[in-house]
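K.L.:
Below is one structure. I have some questions about it.
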Number of protein chains: 2
Amino acid sequence: MSDKNVIPYKIYLEESEMPESWYNVRADMKNKPAPLLNPGTREPMTAEELSGVFCEELVAQELDNEHPYIAIPQEIRDFYKMYRPSPLVRAYCLEERLQTPAKIYYKFEGNNTSGSHKLNSAIAQAYYAKKQGLKGVTTETGAGQWGTALSMACSYFELDCKVYMVKVSYEQKPFRREVMRTYGASVTPSPSMTTEIGKKILAEHPGTTGSLGCAISEAVEVAVTNPGYRYVLGSVLNQVLLHQSVIGLETKAALDKYNIKPDLIIGCAGGGSNLGGLIAPFVGEKLRGEADYQIIAVEPASCPSFTRGTYAYDFCDTGMICPLAKMYTLGSSYIPAPNHAGGLRYHGMSPVLSQLYDDGLMEARSVRQTDVFEAAEQFARVEGILPAPESSHAIRVAIDEALKCKETGEEKTIVFGLTGTGYFDLVAYEKFHNGEMENYIPTDEEIAESIAKLPKMD
Amino acid sequence: MSDKNVIPYKIYLEESEMPESWYNVRADMKNKPAPLLNPGTREPMTAEELSGVFCEELVAQELDNEHPYIAIPQEIRDFYKMYRPSPLVRAYCLEERLQTPAKIYYKFEGNNTSGSHKLNSAIAQAYYAKKQGLKGVTTETGAGQWGTALSMACSYFELDCKVYMVKVSYEQKPFRREVMRTYGASVTPSPSMTTEIGKKILAEHPGTTGSLGCAISEAVEVAVTNPGYRYVLGSVLNQVLLHQSVIGLETKAALDKYNIKPDLIIGCAGGGSNLGGLIAPFVGEKLRGEADYQIIAVEPASCPSFTRGTYAYDFCDTGMICPLAKMYTLGSSYIPAPNHAGGLRYHGMSPVLSQLYDDGLMEARSVRQTDVFEAAEQFARVEGILPAPESSHAIRVAIDEALKCKETGEEKTIVFGLTGTGYFDLVAYEKFHNGEMENYIPTDEEIAESIAKLPKMD
């Protein structure tokens, strides 16, 4: 009997089967992720210190290495029901085109207006801000997916939302900006004259087009100097991985429903929130010795923090005003070459994933940009979804692995995370079609140079 | 017991509950839609005449006024499974925001890369072209939704796809063009030097930015002069409404599953394919005397074919090379003012819907553009989906009707069609946010002038 008679193209959970709690993988980790350090004292950041910047309940989640399950508040579960459960899709058409014996599944997070998984954490962070009685939140955005997700979440809870958008993106991506405005957010190109740090940077570099590091600095300044505001962040942090565990929990529930056991789980990794969320319950089983899975993080060759970085304490931002985090990093002074997967252009990596990687619980692979777009196009043509460049990193490795199965005859079950859609990335697709896309791979010297500038920890 | 405990936010049918046949409402119509006429002889177009332009099986479907059910070939049903069933969503959040006792549902067709319902017919038309052994198909596209859908469908069946895109859209909407290129389609700005009619138009009007009528003429010329090619069209035709009945059949199955009987069904209408598909099974029940529903077609005040047009034979294209259709029309020489719902800027209306409207089986209402965008933004903020401007016409009337219920206390059940997403319409949203959007309403004289130019039928 063909799989098609048993397993649908898209597995949707019932509302009653959706997760009621997030899963906190840190509770099952023997080696906990290293704590955030105060950049001045080099001592672990206390809840009190963190509460000046983040909402109280989110600080508690950030520091919680003990509780494996944290209940999802009803208000957030109601919002999740608007766009979740996301489908776990069996890629029958891709399998047929590849003529592979592998069985390929992907968890598709792009069916919401933010276009990605970012909404899973944005709504949680907005909820806790509302609950704390705040007026609003501030954040930065580069490519704009996170800013869009946060705008949607704030609109739902009627919170003010101030987004600092890297100036070059603000100008080149006016459509992302308009989506955020539709949701009532104020979007300011960064650097701006609305903050002290922005004025300082503009005075020193009048023609600058901005950077994520600068936008973070502005957003944090606004949060800490305006009563009733806090700063929120879309990746890297432990709390964000916690919220994103809804991806993995749904995936596991959908697989279990049809008695499917994956051999291989693949996800793209920038700050690590999508991958961390997708693999959380599976890594939990590995940590508890209940099951084994091969897990692969995929990163761009232009920004290879896992595969060519070092595991050390580093600044999370280029402005060096944020706490120090122990993570795989290329050094906070590393400037990734322009590539079209804005969501993967981060010098570091989630501390949780960094520890799991260091402990050998997952692997990492880096891929070249043109190979990524080739996979994206192949996927789009048979599966009908135009994938985001970020997500297409995972597609590339999923296809590579499926083709290996074709050679060996292995019927592996492959699951990958399709984090989002590429509707706002068509400039990149255009470059690819016109043969104008470049592959940038940093030299060993470049990486050594920025790693040499890591903060001294003695 | 609250509805939320019984009816989920999103009703998804199981694959086994998806329609196996399309429903042909013409079979149940006492007054059949008037036949297409040969523009030369004024005699009904024969199958043979139509087969020079359209695929054979599609011609049969075009002319079939008898069979109520037409089986959906397995290959098309397999493709449908990639992005269907589409969810029937209960708009709990919108209801709460409006504080209405009405129960609002929408059938959301935007969760595929074409961004709209157009894919439902594109895949059918591509399938029959492939089955006939053709090399490829040609078509025109304005805003680009239909061209995108057809590109996706052709890519799936490995058919060549030549799209003539109105030049002004080609230049202003490069992203739509890139999506089509991702799917392997060739996209030519129209008018072009690739056709005789294009050369002629360019010689006469060197600076023209093109029109839908011109693009149709080029696409038809290429189809009839290249062996192995046929022309395909995304709306208006009987065959397209047939394919789109999958929307209504799924909607009805989802409602029946929870014993929900709608009072009011609302859809936007340009050429009529979405509305015709959505209402087909419900109109069928009306025609057979089994049930009654209020049905409202919503059109832009700038292009009010139902509400201010006349029911008469007219040309389907501005170039006057296509067959004559009897329909509600503003006259083929009517040039709608620039408005941002490109999909609704058509001078005529589906002959099937025109007949139903003339027989009093449905109503029509026209709405102003700024009121439409106000509804779009209100909807986006609480339901999390950024709607296409076209679809937002239906949202406007759904909200108006829900607010009426608030006044009267009636608990009406309202179902509307949410045909697509607005990711490629952000220039329009920007104009709305900036207060630069205009409402254009034609004068009676303007309409009388183009109606006076209707072909004489004596």
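Each chain in the structure tokens gets a letter, A, B, ..., in the order shown, and its residues are numbered from 1; ligands are numbered from 1 in order too.
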At most 6 Å is the cut-off: for each residue in chain A with any atom that close to an atom of chain B, write down the nearest atom pair and the distance in Å rounded to one decimal, counting only C-alpha atoms, chain first then increasing number, as a tab-separated table.
P.N.:
```
residue	atom	partner	partner_atom	distance
A:Thr113	CA	B:Ile385	CA	5.2
A:Ser155	CA	B:Arg381	CA	5.9
A:Tyr156	CA	B:Val382	CA	5.8
A:Phe175	CA	B:Leu426	CA	5.5
A:Glu178	CA	B:Glu430	CA	5.9
A:Tyr183	CA	B:Arg381	CA	5.7
A:Arg381	CA	B:Tyr183	CA	5.6
A:Val382	CA	B:Tyr156	CA	5.7
A:Ile385	CA	B:Thr113	CA	5.2
A:Leu386	CA	B:Thr113	CA	5.9
A:Leu426	CA	B:Phe175	CA	5.5
A:Glu430	CA	B:Glu178	CA	5.9
```
K.L.:
Can you list, as a list in words, all residues belonging to stretch 333-370 of chain A that DSSP tags as helix (DSSP H, G or I)?
P.N.:
Gly342, Gly343, Leu344, Pro351, Val352, Leu353, Ser354, Gln355, Leu356, Tyr357, Asp358, Gln369 and Thr370 of chain A
K.L.:
Provide the atom CA of B:Phe379 to atom CA of B:Gly420 distance in Å, to one decimal place.
P.N.:
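According to the coordinates, atom CA of B:Phe379 and atom CA of B:Gly420 are separated by 13.2 Å.
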K.L.:
B:Tyr293: which residues within 10 Å, counting only C-alpha atoms, same-chain residues fewer than 5 positions away excluded, as a PyMOL selection string?
P.N.:
chain B and resi 261-265+279+282-283+285-286+361-362
K.L.:
Mind giving me the straight-line distance from atom CA of B:Pro189 to atom CA of B:Leu150 in Å, one decimal?
P.N.:
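Computing it gives 16.6 Å between the two atoms.
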K.L.:
Between atom CA of B:Asn238 and atom CA of B:Leu119, what is the spacing in Å?
P.N.:
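Atom CA of B:Leu119 sits 16.1 Å away from atom CA of B:Asn238.
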K.L.:
If we count only C-alpha atoms and set the cut-off at 10 Å, which residues sit around stretch 353-358 of chain A, ignoring sequence neighbours fewer than 5 positions away in its own chain? Please answer as a count of residues only.
P.N.:
35
K.L.:
Hey, what's within 12 Å of B:Asp458 if we count only C-alpha atoms and toss same-chain stuff fewer than 5 positions away? As number ranges by chain, please?
P.N.:
B: 41-42, 313
K.L.:
Would you kindly return, as a list in words, each protein, DNA or RNA residue with an atom no farther than 9 Å from any atom of B:His243, considering only C-alpha atoms and excluding same-chain residues fewer than 2 positions away?
P.N.:
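Here the answer would be Trp22, Tyr23, Asn24, Ile72, Asn120, Ser121, Ala122, Ala124, Asn238, Gln239, Val240, Leu241, Ser245, Val246, Ile247, Ser273 and Gly277 of chain B.
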K.L.:
Just list as a PyMOL selection string whatever in stretch 294-354 of chain B DSSP marks as strand (DSSP E or B).
P.N.:
chain B and resi 294-300+310-315+324-329
K.L.:
With a distance cut-off of 7 Å and only C-alpha atoms, select the neighbouring residues of A:Leu418, excluding the residue or stretch itself and same-chain residues fewer than 6 positions from it, and output the selection as a CSV table (one decimal) with all heavy atoms, in the first residue's frame.
P.N.:
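Here's the written file result.csv:
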```csv
chain,number,residue,atom,x,y,z
A,106,TYR,N,8.3,18.4,5.7
A,106,TYR,CA,8.8,19.7,6.2
A,106,TYR,C,7.7,20.4,7.0
A,106,TYR,O,6.5,20.3,6.7
A,106,TYR,CB,9.2,20.6,5.0
A,106,TYR,CG,8.3,20.9,3.9
A,106,TYR,CD1,7.4,21.9,3.9
A,106,TYR,CD2,8.3,20.0,2.8
A,106,TYR,CE1,6.5,22.2,2.9
A,106,TYR,CE2,7.4,20.2,1.7
A,106,TYR,CZ,6.5,21.3,1.8
A,106,TYR,OH,5.7,21.5,0.7
A,107,LYS,N,8.1,21.0,8.1
A,107,LYS,CA,7.2,21.8,8.9
A,107,LYS,C,7.2,23.2,8.4
A,107,LYS,O,8.2,23.9,8.4
A,107,LYS,CB,7.7,21.7,10.4
A,107,LYS,CG,6.9,22.5,11.4
A,107,LYS,CD,5.5,21.8,11.6
A,107,LYS,CE,4.8,22.4,12.8
A,107,LYS,NZ,3.4,21.9,12.9
A,108,PHE,N,6.0,23.6,7.9
A,108,PHE,CA,5.9,24.9,7.2
A,108,PHE,C,5.4,26.0,8.1
A,108,PHE,O,4.2,26.0,8.4
A,108,PHE,CB,5.1,24.7,5.9
A,108,PHE,CG,4.9,26.0,5.1
A,108,PHE,CD1,6.0,26.8,4.9
A,108,PHE,CD2,3.7,26.4,4.6
A,108,PHE,CE1,5.9,28.0,4.2
A,108,PHE,CE2,3.6,27.5,3.8
A,108,PHE,CZ,4.7,28.4,3.6
A,109,GLU,N,6.2,27.0,8.4
A,109,GLU,CA,5.9,28.0,9.3
A,109,GLU,C,5.5,29.3,8.6
A,109,GLU,O,5.3,30.4,9.2
A,109,GLU,CB,7.0,28.3,10.3
A,109,GLU,CG,7.3,27.2,11.3
A,109,GLU,CD,6.2,27.0,12.3
A,109,GLU,OE1,5.7,28.1,12.8
A,109,GLU,OE2,5.7,25.9,12.6
A,391,SER,N,15.2,29.7,4.8
A,391,SER,CA,14.7,28.4,4.9
A,391,SER,C,15.3,27.5,3.8
A,391,SER,O,15.5,26.3,4.0
A,391,SER,CB,13.2,28.4,4.6
A,391,SER,OG,12.6,29.6,5.1
```
K.L.:
When you count only C-alpha atoms, which of these residues is closest to B:Glu20: B:Asn439, B:Ser86, B:Gln74, B:Thr413?
P.N.:
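Ranking B:Asn439, B:Ser86, B:Gln74, B:Thr413 by distance to B:Glu20, first place goes to B:Gln74.
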